[in-house]
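Asker: So here's work.csv (CSV, C-alpha atoms).
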```csv
chain,number,residue,atom,x,y,z
O,1,MET,CA,-81.4,198.0,218.6
O,2,ASP,CA,-79.2,195.0,218.2
O,3,ALA,CA,-77.0,194.4,215.1
O,4,PRO,CA,-79.3,191.8,213.4
O,5,SER,CA,-82.4,194.0,214.0
O,6,ALA,CA,-80.5,197.0,212.6
O,7,ALA,CA,-79.4,195.1,209.5
O,8,ARG,CA,-83.0,193.8,208.9
O,9,ALA,CA,-84.4,197.3,209.3
O,10,LEU,CA,-81.9,198.8,206.9
O,11,ALA,CA,-82.5,196.0,204.3
O,12,ALA,CA,-86.3,196.5,204.6
O,13,ALA,CA,-86.0,200.2,204.1
O,14,LEU,CA,-83.8,199.8,201.1
O,15,ARG,CA,-86.2,197.3,199.5
O,16,ARG,CA,-88.9,199.9,199.6
O,17,MET,CA,-86.7,202.1,197.4
O,18,PRO,CA,-86.5,200.3,194.1
O,19,ALA,CA,-85.6,203.4,192.1
O,20,LEU,CA,-82.6,204.2,194.4
O,21,ARG,CA,-79.4,204.4,192.4
O,22,VAL,CA,-77.2,206.6,194.6
O,23,LEU,CA,-76.7,205.8,198.3
O,24,GLN,CA,-74.9,208.4,200.3
O,25,VAL,CA,-73.9,207.5,203.9
O,26,PRO,CA,-71.4,210.2,205.0
O,27,GLY,CA,-69.7,209.4,208.3
O,28,ALA,CA,-71.3,205.9,208.7
O,29,ALA,CA,-69.4,205.4,211.9
O,30,GLU,CA,-72.7,205.1,213.8
O,31,LEU,CA,-74.0,202.4,211.5
O,32,LEU,CA,-70.6,200.6,211.8
O,33,ARG,CA,-70.8,200.7,215.5
O,34,MET,CA,-74.2,198.8,215.3
O,35,LEU,CA,-73.3,196.5,212.4
O,36,SER,CA,-70.2,194.8,211.3
O,37,ALA,CA,-68.9,195.9,208.0
O,38,GLY,CA,-69.9,192.6,206.6
O,39,GLU,CA,-73.5,192.9,207.8
O,40,LEU,CA,-73.7,196.5,206.5
O,41,PHE,CA,-72.4,195.7,203.0
O,42,ARG,CA,-74.5,192.5,202.8
O,43,ALA,CA,-77.6,194.5,203.7
O,44,PHE,CA,-76.7,197.1,201.0
O,45,ALA,CA,-76.0,194.6,198.3
O,46,ALA,CA,-79.0,192.3,199.0
O,47,ALA,CA,-81.6,195.0,199.5
O,48,ALA,CA,-80.4,197.5,197.0
O,49,PRO,CA,-78.9,195.6,194.0
O,50,HIS,CA,-79.9,198.5,191.8
O,51,VAL,CA,-77.6,201.0,193.6
O,52,ARG,CA,-74.9,202.1,191.2
O,53,ARG,CA,-73.1,204.7,193.3
O,54,LEU,CA,-72.1,204.4,197.0
O,55,ASP,CA,-70.8,207.4,198.8
O,56,LEU,CA,-69.0,206.7,202.1
O,57,PRO,CA,-66.9,209.8,202.8
O,58,HIS,CA,-65.5,210.4,206.2
O,59,CYS,CA,-66.1,206.7,207.2
O,60,ASN,CA,-62.6,205.5,207.9
O,61,LEU,CA,-63.4,202.0,206.8
O,62,ASP,CA,-60.9,199.4,208.1
O,63,ALA,CA,-59.5,196.5,206.1
O,64,ALA,CA,-62.4,194.2,207.1
O,65,ALA,CA,-65.0,196.7,205.9
O,66,LEU,CA,-63.2,197.3,202.6
O,67,LEU,CA,-62.9,193.5,202.1
O,68,ALA,CA,-66.7,193.2,202.8
O,69,ALA,CA,-67.3,195.9,200.1
O,70,ALA,CA,-65.0,194.1,197.7
O,71,ILE,CA,-66.8,190.8,198.0
O,72,ALA,CA,-70.4,192.2,198.1
O,73,SER,CA,-72.3,191.3,195.0
O,74,TRP,CA,-73.7,194.5,193.5
O,75,PRO,CA,-73.0,196.3,190.2
O,76,LEU,CA,-71.3,199.4,191.6
O,77,GLU,CA,-70.1,201.9,189.1
O,78,GLU,CA,-69.0,204.6,191.5
O,79,LEU,CA,-67.5,204.4,195.0
O,80,ASP,CA,-66.5,207.4,197.2
O,81,LEU,CA,-64.3,206.7,200.1
O,82,SER,CA,-62.9,210.3,200.3
O,83,TYR,CA,-61.7,212.0,203.5
O,84,SER,CA,-60.9,208.7,205.2
O,85,ASP,CA,-58.0,207.4,207.1
O,86,LEU,CA,-57.0,204.2,205.4
O,87,SER,CA,-54.4,202.0,207.0
O,88,ALA,CA,-51.6,200.2,205.2
O,89,ALA,CA,-53.4,197.0,206.0
O,90,ALA,CA,-56.3,198.2,203.8
O,91,ALA,CA,-54.3,198.1,200.6
O,92,PRO,CA,-55.1,194.5,199.6
O,93,ALA,CA,-58.8,195.1,200.3
O,94,LEU,CA,-58.8,198.3,198.3
O,95,ALA,CA,-57.2,196.5,195.4
O,96,GLY,CA,-59.9,193.8,195.8
O,97,LEU,CA,-62.5,196.4,194.9
O,98,SER,CA,-61.1,195.9,191.4
O,99,ARG,CA,-63.3,192.8,191.1
O,100,HIS,CA,-66.3,195.1,190.5
O,101,ALA,CA,-65.9,195.1,186.7
O,102,ARG,CA,-68.3,198.1,186.3
O,103,LEU,CA,-66.5,200.4,188.8
O,104,ARG,CA,-65.6,203.4,186.7
O,105,LYS,CA,-65.1,206.0,189.4
O,106,PHE,CA,-63.2,205.4,192.6
O,107,ASP,CA,-62.8,208.5,194.8
O,108,LEU,CA,-60.0,208.5,197.3
O,109,LYS,CA,-59.5,212.3,197.5
O,110,ARG,CA,-58.1,213.7,200.7
O,111,CYS,CA,-57.5,210.2,202.2
O,112,HIS,CA,-54.7,209.6,204.6
O,113,LEU,CA,-53.6,206.8,202.4
O,114,LEU,CA,-51.5,203.8,202.4
O,115,SER,CA,-47.9,203.0,202.5
O,116,THR,CA,-45.8,202.8,199.4
O,117,ALA,CA,-46.6,199.1,199.2
O,118,GLY,CA,-50.3,199.8,199.5
O,119,PHE,CA,-50.2,202.4,196.8
O,120,LYS,CA,-48.4,199.9,194.6
O,121,ALA,CA,-51.0,197.3,195.2
O,122,LEU,CA,-53.7,199.7,194.1
O,123,VAL,CA,-52.0,200.8,190.9
O,124,GLU,CA,-51.1,197.2,190.0
O,125,ALA,CA,-54.6,195.9,190.3
O,126,VAL,CA,-56.6,195.4,187.1
O,127,TRP,CA,-59.5,197.9,187.0
O,128,PRO,CA,-61.6,196.9,183.9
O,129,ALA,CA,-63.7,200.0,183.7
O,130,LEU,CA,-61.2,202.6,184.9
```
Before anything else, please render the file you have as structure tokens.
Answerer:
Amino acid sequence: MDAPSAARALAAALRRMPALRVLQVPGAAELLRMLSAGELFRAFAAAAPHVRRLDLPHCNLDAAALLAAAIASWPLEELDLSYSDLSAAAAPALAGLSRHARLRKFDLKRCHLLSTAGFKALVEAVWPAL
């Protein structure tokens, strides 16, 4: 299945689940091999605007994927990126997640996290609901 077909299939499946509030995709590496992070997060946001919690543990999202999550238009309240290797380059994108004004839980436990500068970017961002 090519990437556009996979994105359409995912979006169609999510549209058939209007009561879905929690989306758990542990180890989404396979999805990310088929879709770009931008395609994946656009599909999630467009087809499942009612999802309030997104769990992506063990996904090792890169800076581009995190930036796509940051600019996606959905009312996320909880985001789990635990057990991931996050590069220092991901710091600005992680801080960009602060634009989700309803985000009240942000799980980064057991992540191989950022440089000192990256950590500083995270803690200096304004997180309205945290």
Asker: What is the distance, in Å and to one decimal place, between CA of Arg102 (chain O) and CA of Ile71 (chain O)?
Answerer: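 We find that CA of Arg102 (chain O) and CA of Ile71 (chain O) lie 13.9 Å from each other.
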Asker: Would you list the contacts of Leu56 (chain O) as a count of residues only, taking every protein, DNA or RNA residue within 6 Å and counting all atoms listed in the file, but skipping same-chain residues closer than 5 positions in sequence?
Answerer: 4
Asker: Using all atoms listed in the file for the distances, tell me which of O:Trp127, O:Phe119, O:Tyr83, O:Trp74 is nearest to Arg53 (chain O).
Answerer: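 The closest residue to Arg53 (chain O) is O:Trp74.
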Asker: Which residues are close to Leu31 (chain O), i.e. within 9 Å by all atoms listed in the file, leaving aside same-chain residues fewer than 4 positions away? Reply as a list in words.
Answerer: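 My list of contacting residues is Ala6, Gly27, Leu35, Ser36, Ala37 and Leu40 of chain O.
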Asker: Atoms to include: C-alpha atoms. Write the selected residues as a compact mmCIF listing (two decimals), keeping the file's coordinate frame.
Answerer:
```txt
# COMPACT_ATOMS: atom_id res chain seq x y z
CA ALA O 6 -80.50 197.00 212.60
CA GLY O 27 -69.70 209.40 208.30
CA LEU O 35 -73.30 196.50 212.40
CA SER O 36 -70.20 194.80 211.30
CA ALA O 37 -68.90 195.90 208.00
CA LEU O 40 -73.70 196.50 206.50
```
Asker: Find the residues near Ala13 (chain O): any atom within 12 Å, counting all atoms listed in the file, skip ones fewer than 3 places away on the same chain, and give them as a list in words.
Answerer: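 Residues meeting the cut-off are Ala6, Ala7, Arg8, Ala9, Leu10, Arg16, Met17, Pro18, Leu20, Ala43, Phe44, Ala46, Ala47 and Ala48 of chain O.
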Asker: Neighbouring residues of Pro75 (chain O) were defined as those with any atom within 9 Å, considering all atoms listed in the file; residues of the same chain fewer than 6 positions away were excluded. Please report them as a PyMOL selection string.
Answerer: chain O and resi 45+49-53+100-103
Asker: Those same residues - C-alpha atoms - I'd like them written as an mmCIF file, in the coordinates of the input.
Answerer:
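Listing of out.cif after writing:
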```
data_model
loop_
_atom_site.group_PDB
_atom_site.id
_atom_site.type_symbol
_atom_site.label_atom_id
_atom_site.label_comp_id
_atom_site.auth_asym_id
_atom_site.auth_seq_id
_atom_site.Cartn_x
_atom_site.Cartn_y
_atom_site.Cartn_z
ATOM 1 C CA ALA O 45 -76.000 194.600 198.300
ATOM 2 C CA PRO O 49 -78.900 195.600 194.000
ATOM 3 C CA HIS O 50 -79.900 198.500 191.800
ATOM 4 C CA VAL O 51 -77.600 201.000 193.600
ATOM 5 C CA ARG O 52 -74.900 202.100 191.200
ATOM 6 C CA ARG O 53 -73.100 204.700 193.300
ATOM 7 C CA HIS O 100 -66.300 195.100 190.500
ATOM 8 C CA ALA O 101 -65.900 195.100 186.700
ATOM 9 C CA ARG O 102 -68.300 198.100 186.300
ATOM 10 C CA LEU O 103 -66.500 200.400 188.800
#
```
Asker: Which one of O:Val123, O:Met1, O:Ala63, O:Cys111 sits closest to Asp85 (chain O) if you count only C-alpha atoms?
Answerer: O:Cys111
Asker: O:Leu76, O:Ala69, O:Ala129, O:Ala95: which is nearest Arg42 (chain O), counting all atoms listed in the file?
Answerer: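 Looking only at the distances to Arg42 (chain O), the closest residue turns out to be O:Ala69.
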Asker: Given all atoms listed in the file as the basis, pick out the residue of O:Glu124, O:Arg99, O:Asn60, O:Glu78 nearest to Glu30 (chain O).
Answerer: O:Asn60
Asker: What is the CA of Leu32 (chain O)-CA of Ser5 (chain O) distance in Å, reported with one decimal?
Answerer: 13.7 Å
Asker: When distances are computed from all atoms listed in the file, which of O:Asp2, O:Asp55, O:Asp62, O:Asp107 shows the smallest separation from Ser87 (chain O)?
Answerer: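 Going through O:Asp2, O:Asp55, O:Asp62, O:Asp107 one by one, the smallest distance to Ser87 (chain O) is for O:Asp62.
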Asker: How far is it from CA of Ala121 (chain O) to CA of Glu77 (chain O), in Å with one decimal?
Answerer: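 Going from CA of Ala121 (chain O) over to CA of Glu77 (chain O), I get 20.6 Å.
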Asker: Counting only C-alpha atoms, which residue out of O:Arg104, O:Pro4, O:Arg21, O:Ser115 sits closest to Met34 (chain O)?
Answerer: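 Nearest candidate to Met34 (chain O) out of O:Arg104, O:Pro4, O:Arg21, O:Ser115: O:Pro4.
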